[in-house]
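Structure below is start-v8.cif: mmCIF, C-alpha atoms and all ligand atoms.
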data_model
loop_
_atom_site.label_atom_id
_atom_site.label_comp_id
_atom_site.auth_asym_id
_atom_site.auth_seq_id
_atom_site.Cartn_x
_atom_site.Cartn_y
_atom_site.Cartn_z
CA MET A 1 -6.59 -10.32 -16.02
CA ASN A 2 -3.04 -11.39 -15.40
CA ILE A 3 -0.43 -8.61 -15.40
CA LYS A 4 2.87 -9.77 -16.89
CA ASN A 5 4.20 -6.99 -19.07
CA VAL A 6 4.59 -3.52 -17.60
CA THR A 7 5.70 -0.30 -19.27
CA ILE A 8 7.23 2.46 -17.18
CA ALA A 9 6.98 5.89 -18.79
CA GLY A 10 9.58 8.40 -17.60
CA ALA A 11 12.95 7.00 -16.47
CA GLY A 12 13.71 9.73 -13.92
CA VAL A 13 13.93 9.58 -10.12
CA LEU A 14 10.69 7.70 -9.52
CA GLY A 15 10.16 5.93 -12.85
CA SER A 16 13.55 4.25 -12.63
CA GLN A 17 12.77 3.02 -9.10
CA ILE A 18 9.35 1.67 -10.09
CA ALA A 19 10.88 -0.07 -13.11
CA TRP A 20 13.57 -1.70 -10.98
CA GLN A 21 11.17 -2.77 -8.22
CA THR A 22 8.74 -4.22 -10.80
CA ALA A 23 11.41 -6.17 -12.70
CA PHE A 24 12.93 -7.39 -9.43
CA HIS A 25 9.54 -8.88 -8.57
CA GLY A 26 9.39 -10.93 -11.75
CA PHE A 27 7.54 -8.76 -14.27
CA ASN A 28 8.77 -7.96 -17.79
CA VAL A 29 9.43 -4.23 -17.82
CA SER A 30 9.81 -1.93 -20.78
CA VAL A 31 11.30 1.42 -19.73
CA TYR A 32 10.31 4.35 -21.92
CA ASP A 33 11.60 7.91 -21.86
CA VAL A 34 11.06 10.51 -24.55
CA PHE A 35 14.70 11.68 -24.25
CA ASP A 36 17.87 9.59 -24.82
CA LYS A 37 19.38 11.42 -21.87
CA GLY A 38 16.45 10.41 -19.65
CA LEU A 39 16.71 6.78 -20.72
CA GLU A 40 20.49 6.71 -20.14
CA GLY A 41 19.89 8.25 -16.70
CA GLY A 42 17.44 5.42 -15.96
CA LYS A 43 20.06 2.82 -16.93
CA ASP A 44 22.61 4.50 -14.64
CA PHE A 45 20.09 4.45 -11.79
CA HIS A 46 19.56 0.72 -12.37
CA LYS A 47 23.29 0.00 -12.05
CA LYS A 48 23.25 1.84 -8.72
CA PHE A 49 20.10 0.03 -7.53
CA ALA A 50 21.75 -3.32 -8.38
CA GLU A 51 24.67 -2.48 -6.07
CA LEU A 52 22.32 -1.13 -3.40
CA PHE A 53 20.14 -4.24 -3.46
CA LYS A 54 23.20 -6.50 -3.12
CA ALA A 55 24.80 -4.40 -0.38
CA THR A 56 21.78 -3.58 1.77
CA ARG A 57 18.86 -5.82 0.79
CA GLY A 58 20.52 -9.25 0.55
CA ALA A 59 19.87 -9.63 -3.19
CA THR A 60 21.88 -12.43 -4.84
CA GLN A 61 23.81 -11.97 -8.10
CA LYS A 62 21.26 -14.31 -9.76
CA GLN A 63 18.37 -12.10 -8.65
CA ILE A 64 20.19 -9.06 -10.03
CA ASP A 65 20.98 -10.80 -13.36
CA ASP A 66 17.36 -11.96 -13.65
CA THR A 67 16.13 -8.43 -12.94
CA PHE A 68 18.32 -7.01 -15.73
CA SER A 69 17.17 -9.77 -18.09
CA ARG A 70 13.56 -8.61 -17.63
CA LEU A 71 14.36 -4.92 -18.33
CA THR A 72 14.33 -3.38 -21.80
CA TYR A 73 14.77 0.31 -22.67
CA THR A 74 13.44 2.39 -25.54
CA THR A 75 12.61 5.93 -26.63
CA ASN A 76 9.95 4.58 -29.00
CA LEU A 77 6.55 4.71 -27.33
CA GLU A 78 4.86 2.37 -29.81
CA GLU A 79 7.55 -0.25 -29.22
CA ALA A 80 7.43 0.32 -25.44
CA VAL A 81 3.72 -0.42 -25.07
CA LYS A 82 3.07 -2.99 -27.77
CA ASN A 83 2.64 -5.83 -25.22
CA ALA A 84 1.77 -3.81 -22.13
CA ASP A 85 -0.80 -5.08 -19.65
CA LEU A 86 -0.18 -2.02 -17.49
CA VAL A 87 1.54 1.34 -17.92
CA SER A 88 2.92 3.19 -14.89
CA GLU A 89 3.48 6.84 -15.81
CA SER A 90 6.11 9.01 -14.10
CA VAL A 91 6.58 11.87 -16.59
CA PRO A 92 7.20 15.39 -15.18
CA GLU A 93 4.63 17.00 -12.91
CA LYS A 94 3.24 19.45 -15.51
CA LEU A 95 -0.33 19.23 -16.74
CA GLU A 96 0.53 19.91 -20.42
CA ILE A 97 3.18 17.16 -20.38
CA LYS A 98 0.79 14.66 -18.76
CA LYS A 99 -1.96 15.52 -21.24
CA SER A 100 0.23 15.25 -24.33
CA PHE A 101 1.80 12.03 -23.03
CA TYR A 102 -1.62 10.36 -22.57
CA ASN A 103 -2.77 11.61 -25.98
CA GLU A 104 0.22 9.84 -27.55
CA LEU A 105 -0.13 6.75 -25.37
CA ALA A 106 -3.78 6.37 -26.35
CA LYS A 107 -2.69 6.07 -30.00
CA PHE A 108 -0.34 3.15 -29.45
CA ALA A 109 -1.43 1.12 -26.41
CA PRO A 110 -3.41 -2.09 -26.99
CA LYS A 111 -7.04 -2.03 -25.86
CA LYS A 112 -6.32 -4.25 -22.82
CA THR A 113 -3.71 -1.91 -21.31
CA ILE A 114 -4.45 -0.34 -17.91
CA PHE A 115 -2.94 3.14 -17.40
CA THR A 116 -1.75 4.32 -13.98
CA SER A 117 -0.35 7.71 -13.03
CA ASN A 118 2.20 8.37 -10.30
CA SER A 119 1.40 12.09 -10.10
CA SER A 120 1.86 13.48 -6.58
CA THR A 121 -0.25 16.60 -6.87
CA MET A 122 -2.64 16.15 -9.78
CA LEU A 123 -5.87 14.17 -9.88
CA PRO A 124 -6.54 11.45 -12.50
CA SER A 125 -9.72 13.26 -13.64
CA MET A 126 -7.52 16.17 -14.83
CA TYR A 127 -6.32 14.06 -17.77
CA ALA A 128 -8.67 11.02 -17.81
CA HIS A 129 -10.17 12.30 -21.06
CA GLU A 130 -6.79 12.26 -22.84
CA THR A 131 -6.31 8.55 -22.03
CA GLY A 132 -9.22 7.62 -24.31
CA ARG A 133 -10.07 4.89 -21.77
CA PRO A 134 -11.07 6.60 -18.50
CA GLU A 135 -12.50 3.33 -17.15
CA LYS A 136 -9.04 1.72 -17.30
CA PHE A 137 -7.24 4.73 -15.83
CA LEU A 138 -6.39 5.46 -12.19
CA ALA A 139 -3.54 6.57 -9.93
CA LEU A 140 -0.90 4.27 -8.46
CA HIS A 141 1.25 6.54 -6.33
CA PHE A 142 4.61 5.56 -4.90
CA ALA A 143 6.80 7.17 -2.27
CA ASN A 144 10.56 7.68 -2.48
CA PRO A 145 12.43 5.32 -2.18
CA VAL A 146 9.87 2.86 -3.48
CA TRP A 147 11.33 -0.20 -1.68
CA ASP A 148 11.64 1.36 1.80
CA ALA A 149 8.61 3.66 1.83
CA ASN A 150 6.64 0.82 0.27
CA VAL A 151 3.15 2.24 0.32
CA GLY A 152 1.25 2.01 -2.97
CA GLU A 153 -1.68 4.43 -2.91
CA VAL A 154 -4.24 3.26 -5.48
CA MET A 155 -6.83 5.93 -6.24
CA MET A 156 -9.87 5.80 -8.53
CA HIS A 157 -11.49 8.75 -10.25
CA ALA A 158 -15.23 8.86 -10.77
CA GLY A 159 -14.97 7.12 -14.15
CA THR A 160 -12.67 4.24 -13.14
CA ASP A 161 -14.17 0.75 -13.43
CA LYS A 162 -13.79 -1.01 -10.05
CA GLN A 163 -12.44 -4.20 -11.66
CA TYR A 164 -9.28 -2.33 -12.76
CA PHE A 165 -8.93 -0.80 -9.30
CA ASP A 166 -8.83 -4.34 -7.86
CA ILE A 167 -6.30 -5.49 -10.46
CA VAL A 168 -4.01 -2.55 -9.67
CA LEU A 169 -4.31 -3.14 -5.90
CA LYS A 170 -3.16 -6.72 -6.48
CA PHE A 171 -0.37 -5.59 -8.80
CA ALA A 172 0.88 -3.15 -6.14
CA LYS A 173 1.01 -6.02 -3.64
CA ASP A 174 2.80 -8.28 -6.14
CA ILE A 175 5.64 -5.77 -6.50
CA GLY A 176 6.16 -5.51 -2.76
CA MET A 177 3.98 -2.52 -1.90
CA ILE A 178 1.43 -2.27 0.88
CA PRO A 179 -1.60 -1.38 -1.26
CA ILE A 180 -3.79 1.41 0.08
CA PRO A 181 -7.25 1.62 -1.51
CA ILE A 182 -8.52 5.18 -2.08
CA LEU A 183 -12.08 5.04 -3.32
CA LYS A 184 -12.46 8.61 -4.48
CA GLU A 185 -10.20 11.40 -5.59
CA GLN A 186 -8.35 13.12 -2.80
CA PRO A 187 -5.62 15.70 -3.46
CA GLY A 188 -2.47 14.44 -1.72
CA TYR A 189 -3.85 10.90 -1.34
CA VAL A 190 -3.83 9.62 2.27
CA LEU A 191 -0.19 10.35 3.08
CA ASN A 192 -0.07 14.04 2.22
CA SER A 193 -3.62 14.61 3.50
CA LEU A 194 -2.21 13.66 6.91
CA LEU A 195 1.30 15.03 6.58
CA VAL A 196 0.72 18.51 5.13
CA PRO A 197 -1.54 19.70 8.01
CA LEU A 198 0.98 18.34 10.55
CA ILE A 199 3.83 20.20 8.89
CA THR A 200 1.76 23.36 8.55
CA ALA A 201 0.87 23.26 12.26
CA GLY A 202 4.51 22.66 13.23
CA LYS A 203 5.71 25.64 11.16
CA HIS A 204 2.98 27.84 12.64
CA LEU A 205 3.97 26.93 16.23
CA PHE A 206 7.67 27.59 15.62
CA PHE A 207 7.61 30.69 13.38
CA ASN A 208 5.04 32.38 15.60
CA GLY A 209 7.34 31.88 18.58
CA VAL A 210 4.99 29.53 20.44
CA SER A 211 7.68 26.90 21.00
CA ASP A 212 11.02 25.64 19.66
CA VAL A 213 11.81 23.00 17.03
CA GLU A 214 13.00 20.30 19.42
CA SER A 215 10.14 20.75 21.90
CA ILE A 216 7.52 20.56 19.18
CA ASP A 217 9.08 17.39 17.74
CA LYS A 218 9.36 15.88 21.26
CA VAL A 219 5.66 16.36 21.95
CA TRP A 220 4.72 14.62 18.72
CA MET A 221 7.22 11.78 19.12
CA ILE A 222 6.37 11.05 22.77
CA SER A 223 2.63 11.27 22.41
CA THR A 224 2.28 9.30 19.17
CA GLY A 225 5.29 6.97 19.35
CA SER A 226 6.46 8.32 15.99
CA LYS A 227 10.15 8.19 15.04
CA PHE A 228 9.99 11.78 13.74
CA GLY A 229 8.32 15.05 14.56
CA PRO A 230 7.26 17.60 11.93
CA PHE A 231 10.71 19.23 11.75
CA GLY A 232 12.57 15.93 11.34
CA VAL A 233 10.12 15.13 8.53
CA MET A 234 10.64 18.53 6.87
CA ASP A 235 14.42 17.99 6.88
CA MET A 236 13.92 14.68 5.09
CA ILE A 237 11.59 16.13 2.50
CA GLY A 238 13.96 19.06 1.88
CA MET A 239 13.38 22.78 2.40
CA GLU A 240 12.91 23.59 -1.31
CA THR A 241 9.79 21.43 -1.41
CA ILE A 242 8.60 22.76 1.94
CA TYR A 243 9.03 26.32 0.63
CA ASN A 244 7.31 25.60 -2.70
CA VAL A 245 4.35 23.79 -1.15
CA GLY A 246 3.97 26.39 1.64
CA LEU A 247 4.06 29.29 -0.82
CA MET A 248 1.59 27.59 -3.18
CA GLN A 249 -0.81 26.79 -0.33
CA GLY A 250 -0.58 30.34 1.05
CA GLN A 251 -1.26 31.88 -2.37
CA LYS A 252 -4.13 29.49 -3.09
CA MET A 253 -5.77 30.18 0.28
CA ASN A 254 -4.87 33.87 0.20
CA ASN A 255 -3.21 33.38 3.59
CA GLN A 256 -0.48 36.00 4.17
CA GLU A 257 0.84 34.26 7.29
CA MET A 258 1.59 31.08 5.31
CA ILE A 259 3.33 33.13 2.62
CA ASP A 260 5.42 34.94 5.26
CA ILE A 261 6.44 31.63 6.83
CA ALA A 262 7.44 30.25 3.42
CA ASN A 263 9.58 33.35 2.79
CA LYS A 264 11.17 33.01 6.23
CA ILE A 265 12.14 29.40 5.38
CA LYS A 266 13.74 30.67 2.19
CA GLU A 267 15.70 33.46 3.93
CA ASP A 268 16.72 31.65 7.12
CA TYR A 269 17.38 28.19 5.70
CA ILE A 270 17.52 27.77 1.90
CA ASP A 271 19.53 30.96 1.23
CA LYS A 272 22.00 29.90 3.94
CA GLY A 273 22.49 26.44 2.40
CA LYS A 274 20.46 24.70 5.10
CA THR A 275 18.29 22.80 2.66
CA GLY A 276 17.60 19.71 4.76
CA ALA A 277 19.08 16.32 5.68
CA ALA A 278 20.63 15.76 2.23
CA SER A 279 22.77 18.94 2.53
CA GLY A 280 23.90 18.19 6.10
CA GLU A 281 21.72 20.82 7.79
CA GLY A 282 18.11 21.92 7.95
CA PHE A 283 16.30 22.38 11.25
CA TYR A 284 18.77 19.79 12.61
CA LYS A 285 22.43 18.99 11.81
CA TYR A 286 23.23 15.70 10.00
CA PRO A 287 24.28 12.89 9.92
CA ASN A 288 23.50 12.75 13.66
CA PRO A 289 20.42 14.93 14.28
CA ALA A 290 19.51 15.58 17.92
CA TYR A 291 16.18 13.79 17.58
CA LYS A 292 18.01 10.52 16.96
CA GLU A 293 20.04 10.75 20.18
CA PRO A 294 19.03 8.08 22.72
CA ASN A 295 18.17 10.61 25.44
CA PHE A 296 16.25 13.03 23.20
CA LEU A 297 12.91 12.01 24.65
CA SER A 298 13.99 11.60 28.27
P1 LIG A 301 12.04 13.35 -12.99
O1 LIG A 301 12.17 14.72 -13.52
O2 LIG A 301 13.15 12.77 -12.20
O3 LIG A 301 11.77 12.35 -14.23
C1 LIG A 301 10.89 12.60 -15.28
C2 LIG A 301 11.37 11.83 -16.51
O4 LIG A 301 10.38 11.94 -17.53
C3 LIG A 301 12.67 12.36 -17.10
O5 LIG A 301 13.58 11.28 -17.29
C4 LIG A 301 12.24 12.97 -18.44
O6 LIG A 301 13.23 12.82 -19.45
C5 LIG A 301 11.02 12.14 -18.77
N1 LIG A 301 10.05 12.77 -19.66
C6 LIG A 301 9.80 14.08 -19.88
N2 LIG A 301 8.77 14.23 -20.74
C7 LIG A 301 8.37 12.98 -21.07
C8 LIG A 301 7.36 12.45 -21.94
N3 LIG A 301 6.56 13.26 -22.62
N4 LIG A 301 7.27 11.10 -22.06
C9 LIG A 301 8.09 10.29 -21.38
N5 LIG A 301 9.06 10.72 -20.55
C10 LIG A 301 9.19 12.05 -20.40
O7 LIG A 301 10.67 13.33 -12.19
P2 LIG A 301 10.23 12.38 -10.96
O8 LIG A 301 10.69 12.97 -9.69
O9 LIG A 301 10.59 10.97 -11.29
O10 LIG A 301 8.64 12.61 -11.02
C11 LIG A 301 7.86 11.99 -12.01
C12 LIG A 301 6.44 11.83 -11.49
O11 LIG A 301 6.48 11.07 -10.29
C13 LIG A 301 5.75 13.14 -11.15
O12 LIG A 301 4.39 13.05 -11.52
C14 LIG A 301 5.88 13.23 -9.63
O13 LIG A 301 4.80 13.92 -9.03
C15 LIG A 301 5.81 11.77 -9.26
N6 LIG A 301 6.41 11.44 -7.94
C16 LIG A 301 7.67 11.87 -7.64
C17 LIG A 301 8.22 11.55 -6.38
C18 LIG A 301 9.63 11.98 -6.02
O14 LIG A 301 10.01 11.82 -4.83
N7 LIG A 301 10.45 12.46 -6.95
C19 LIG A 301 7.45 10.80 -5.45
C20 LIG A 301 6.18 10.34 -5.82
C21 LIG A 301 5.67 10.68 -7.08
#
Representation of the structure as structure tokens:
Amino acid sequence: MNIKNVTIAGAGVLGSQIAWQTAFHGFNVSVYDVFDKGLEGGKDFHKKFAELFKATRGATQKQIDDTFSRLTYTTNLEEAVKNADLVSESVPEKLEIKKSFYNELAKFAPKKTIFTSNSSTMLPSMYAHETGRPEKFLALHFANPVWDANVGEVMMHAGTDKQYFDIVLKFAKDIGMIPIPILKEQPGYVLNSLLVPLITAGKHLFFNGVSDVESIDKVWMISTGSKFGPFGVMDMIGMETIYNVGLMQGQKMNNQEMIDIANKIKEDYIDKGKTGAASGEGFYKYPNPAYKEPNFLS
């Protein structure tokens, strides 16, 4: 099967990036959002990405014009998917929204269409039934920003037919991702399965007074050759997410220490405006955090 026409559902932060990246790589892209406001937001993002690609990624005006010529926008789902070979879904991270979206999509999409979800925390099997075609449904998960953090995690659920897994792996490669095959469902995919325990361990070491932020990051950076330690990473992710994930994990595992650490992050950082790199301060001060100084590791 040859993928040519792609529908992106949800024109928010991630959907708009996936749409742009896909159109830039030569595919016809129909951008769908249920709200006019969402669709207009997606168009605004695309104007910004055009400037960004010219300024920082060496894109020519012709490449930008060609990208725009391959993009169409609609709030009509039937129209959006009428020719779709593949749908990439980035609607909000709420189970009811995902379920009702796939129920609607199943009504309008041609039989051939492969459905992929970009959900970060949910598993495809949680709404495979609603797709009406579980064998053609799987996850294709992107990181933010799609073009720099260009890993495409492709994950099957138990009912996915392997031939569609292979097609989606190839599609991910064709739009500039490094495709990562994930053969069975894993909450958090590969990336967060590695990253969340590292962050949790870092927080534990610091908030229990075992060591300080910079020392912990130094150990990780020196011994693994990584550009960041757990606290540099947390600043990039943003404290709100770190708080939400920490609290959720603590409640799920009934772990009071994790809950206390999450609350400490809220009191000592979020409530004081230190919400991470984007706000100018988190564990480090930005735009020149200590861990980026040339002598940090010496
Ligand atoms: P967002 O809130 O920026 O965008 C969601 C968009 O979906 C909005 O434009 C909204 O109008 C639209 N929408 C709402 N209901 C809809 C429906 N029923 N049908 C179609 N569109 C609908 O969200 P986001 O950050 O882009 O996240 C979307 C998905 O991508 C989530 O599943 C999230 O887990 C995943 N994701 C996000 C990131 C990230 O860094 N933001 C990274 C990887 C994956």
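The residue set within 9 Å of stretch 1-6 of chain A, counting only C-alpha atoms and dropping same-chain residues fewer than 5 places from it, reads Ala19, Thr22, Ala23, Gly26, Phe27, Asn28, Val29, Ser30, Val31, Val81, Asn83, Ala84, Asp85, Leu86, Val87, Ser88, Ile167 and Phe171 of chain A.
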Per residue of chain A within 6 Å of ligand LIG 301 (chain A), record the nearest atom pair and its distance in Å to one decimal, counting all atoms listed in the file, with rows in chain order and ascending residue number, as CSV.
residue,atom,partner,partner_atom,distance
A:Ala9,CA,A:LIG301,C9,5.2
A:Gly10,CA,A:LIG301,O4,3.6
A:Ala11,CA,A:LIG301,O5,4.4
A:Gly12,CA,A:LIG301,O3,3.3
A:Val13,CA,A:LIG301,O9,3.8
A:Leu14,CA,A:LIG301,O9,3.7
A:Gly15,CA,A:LIG301,O9,5.3
A:Asp33,CA,A:LIG301,N5,4.0
A:Val34,CA,A:LIG301,C9,4.3
A:Phe35,CA,A:LIG301,O6,5.1
A:Gly38,CA,A:LIG301,O5,3.8
A:Ser90,CA,A:LIG301,C12,3.9
A:Val91,CA,A:LIG301,O4,3.9
A:Pro92,CA,A:LIG301,C1,4.6
A:Glu93,CA,A:LIG301,O12,4.2
A:Ile97,CA,A:LIG301,N3,5.6
A:Phe101,CA,A:LIG301,N3,4.9
A:Asn118,CA,A:LIG301,O11,5.1
A:Ser119,CA,A:LIG301,O12,3.4
A:Ser120,CA,A:LIG301,O13,3.9
A:Phe142,CA,A:LIG301,C20,5.1
A:Ala143,CA,A:LIG301,C20,4.8
A:Asn144,CA,A:LIG301,O14,4.8
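Distance annotation: of A:Ala172, A:Ala139, A:Leu191, A:Met236, the residue with the minimal separation from A:Met156 is A:Ala139; atom set is all atoms listed in the file.
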Using only C-alpha atoms, the best pick from A:Leu138, A:Ile175, A:Val245, A:Ile114 as closest to A:Gln17 would be A:Ile175
Record the distance separating atom CA of A:Lys82 and atom CA of A:Tyr102, expressed in Å with one decimal.
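Those two atoms sit 15.1 Å apart.
Using only C-alpha atoms for every distance, the candidate list A:Lys136, A:Asn76, A:Ala50, A:Ala149 yields A:Asn76 as the residue closest to A:Phe108.
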Please determine, counting all atoms listed in the file, which residue among A:Asp235, A:Ile261, A:Val219, A:Phe228 has the shortest atom-to-atom distance to A:Phe207.
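Among the listed residues, the smallest separation from A:Phe207 belongs to A:Ile261.
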Polymer residues at most 10 Å from (-1.0, 20.3, -14.0) by all atoms listed in the file, as a list in words:
Pro92, Glu93, Lys94, Leu95, Glu96, Ile97, Lys98, Lys99, Ser119, Thr121, Met122, Leu123, Met126 and Tyr127 of chain A
Limited to C-alpha atoms, could you put the picked residues into a file as a PDB file, keeping the file's coordinate frame?
ATOM      1  CA  PRO A  92       7.200  15.390 -15.180  1.00  0.00           C
ATOM      2  CA  GLU A  93       4.630  17.000 -12.910  1.00  0.00           C
ATOM      3  CA  LYS A  94       3.240  19.450 -15.510  1.00  0.00           C
ATOM      4  CA  LEU A  95      -0.330  19.230 -16.740  1.00  0.00           C
ATOM      5  CA  GLU A  96       0.530  19.910 -20.420  1.00  0.00           C
ATOM      6  CA  ILE A  97       3.180  17.160 -20.380  1.00  0.00           C
ATOM      7  CA  LYS A  98       0.790  14.660 -18.760  1.00  0.00           C
ATOM      8  CA  LYS A  99      -1.960  15.520 -21.240  1.00  0.00           C
ATOM      9  CA  SER A 119       1.400  12.090 -10.100  1.00  0.00           C
ATOM     10  CA  THR A 121      -0.250  16.600  -6.870  1.00  0.00           C
ATOM     11  CA  MET A 122      -2.640  16.150  -9.780  1.00  0.00           C
ATOM     12  CA  LEU A 123      -5.870  14.170  -9.880  1.00  0.00           C
ATOM     13  CA  MET A 126      -7.520  16.170 -14.830  1.00  0.00           C
ATOM     14  CA  TYR A 127      -6.320  14.060 -17.770  1.00  0.00           C
TER      15      TYR A 127
END
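Across the structure, atom CA of A:Thr72 and atom CA of A:Asp174 are spaced 20.1 Å apart.
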As JSON, what would the box around stretch 226-230 of chain A look like: edges along x, y and z, 6 Å added on every side, centre and edge lengths in Å to one decimal?
{"center_x": 8.3, "center_y": 12.9, "center_z": 14.0, "size_x": 15.7, "size_y": 21.4, "size_z": 16.1}
Hey, can you check how far atom CA of A:Met258 sits from atom CA of A:Val190?
22.3 Å
Within 8 Å of stretch 283-287 of chain A, counting all atoms listed in the file, which residues show up once you throw out same-chain ones fewer than 6 positions away? Write them as a list in words, please.
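These residues fall inside the cut-off: Val213, Phe231, Gly232, Asp235, Lys274, Gly276 and Ala277 of chain A.
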For the selection just defined, write its residues with C-alpha atoms to a file, as an mmCIF file, in the coordinates of the input.
data_model
loop_
_atom_site.group_PDB
_atom_site.id
_atom_site.type_symbol
_atom_site.label_atom_id
_atom_site.label_comp_id
_atom_site.auth_asym_id
_atom_site.auth_seq_id
_atom_site.Cartn_x
_atom_site.Cartn_y
_atom_site.Cartn_z
ATOM 1 C CA VAL A 213 11.810 23.000 17.030
ATOM 2 C CA PHE A 231 10.710 19.230 11.750
ATOM 3 C CA GLY A 232 12.570 15.930 11.340
ATOM 4 C CA ASP A 235 14.420 17.990 6.880
ATOM 5 C CA LYS A 274 20.460 24.700 5.100
ATOM 6 C CA GLY A 276 17.600 19.710 4.760
ATOM 7 C CA ALA A 277 19.080 16.320 5.680
#
Find the residues around stretch 62-68 of chain A up to 6 Å (only C-alpha atoms counted), leave out those fewer than 2 positions away in its own chain, and share them as a ChimeraX atom specification.
/A:23-24,60,70-71
Given the choices A:Glu240, A:Asp260, A:Asp161, A:Asp268, which gets closest to A:Asn208 if the distance is worked out from all atoms listed in the file?
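Ranked by minimum distance to A:Asn208, first place goes to A:Asp260.
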Can you give me all heavy atoms for stretch 247-253 of chain A, written as a CSV table (one decimal), keeping the file's coordinate frame?
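result-v4.csv, written as the output of this step:
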chain,number,residue,atom,x,y,z
A,247,LEU,N,4.4,28.1,-0.1
A,247,LEU,CA,4.1,29.3,-0.8
A,247,LEU,C,2.8,29.1,-1.7
A,247,LEU,O,1.9,29.9,-1.7
A,247,LEU,CB,5.2,29.6,-1.7
A,247,LEU,CG,5.2,31.0,-2.4
A,247,LEU,CD1,5.3,32.1,-1.4
A,247,LEU,CD2,6.3,31.1,-3.4
A,248,MET,N,2.7,27.9,-2.3
A,248,MET,CA,1.6,27.6,-3.2
A,248,MET,C,0.3,27.6,-2.4
A,248,MET,O,-0.7,28.1,-2.8
A,248,MET,CB,1.8,26.2,-3.8
A,248,MET,CG,1.3,26.1,-5.2
A,248,MET,SD,2.0,24.6,-6.0
A,248,MET,CE,1.4,23.3,-5.0
A,249,GLN,N,0.4,26.9,-1.2
A,249,GLN,CA,-0.8,26.8,-0.3
A,249,GLN,C,-1.3,28.2,0.1
A,249,GLN,O,-2.4,28.5,0.1
A,249,GLN,CB,-0.4,26.0,0.9
A,249,GLN,CG,-0.8,24.6,1.0
A,249,GLN,CD,-0.6,24.1,2.4
A,249,GLN,OE1,0.5,24.4,3.0
A,249,GLN,NE2,-1.5,23.3,2.9
A,250,GLY,N,-0.3,29.0,0.6
A,250,GLY,CA,-0.6,30.3,1.0
A,250,GLY,C,-1.2,31.2,0.0
A,250,GLY,O,-2.2,31.9,0.2
A,251,GLN,N,-0.7,31.1,-1.3
A,251,GLN,CA,-1.3,31.9,-2.4
A,251,GLN,C,-2.7,31.4,-2.7
A,251,GLN,O,-3.6,32.2,-2.9
A,251,GLN,CB,-0.3,31.8,-3.6
A,251,GLN,CG,0.9,32.6,-3.4
A,251,GLN,CD,2.0,32.3,-4.4
A,251,GLN,OE1,2.0,31.3,-5.1
A,251,GLN,NE2,3.0,33.2,-4.5
A,252,LYS,N,-2.8,30.1,-2.7
A,252,LYS,CA,-4.1,29.5,-3.1
A,252,LYS,C,-5.2,29.9,-2.1
A,252,LYS,O,-6.3,30.2,-2.4
A,252,LYS,CB,-4.0,28.0,-3.1
A,252,LYS,CG,-5.0,27.3,-4.0
A,252,LYS,CD,-4.5,25.9,-4.3
A,252,LYS,CE,-5.5,24.8,-4.2
A,252,LYS,NZ,-5.0,23.5,-4.3
A,253,MET,N,-4.8,29.9,-0.8
A,253,MET,CA,-5.8,30.2,0.3
A,253,MET,C,-5.8,31.7,0.6
A,253,MET,O,-6.5,32.1,1.6
A,253,MET,CB,-5.4,29.4,1.5
A,253,MET,CG,-5.6,27.9,1.3
A,253,MET,SD,-4.7,26.9,2.5
A,253,MET,CE,-5.7,27.2,4.0
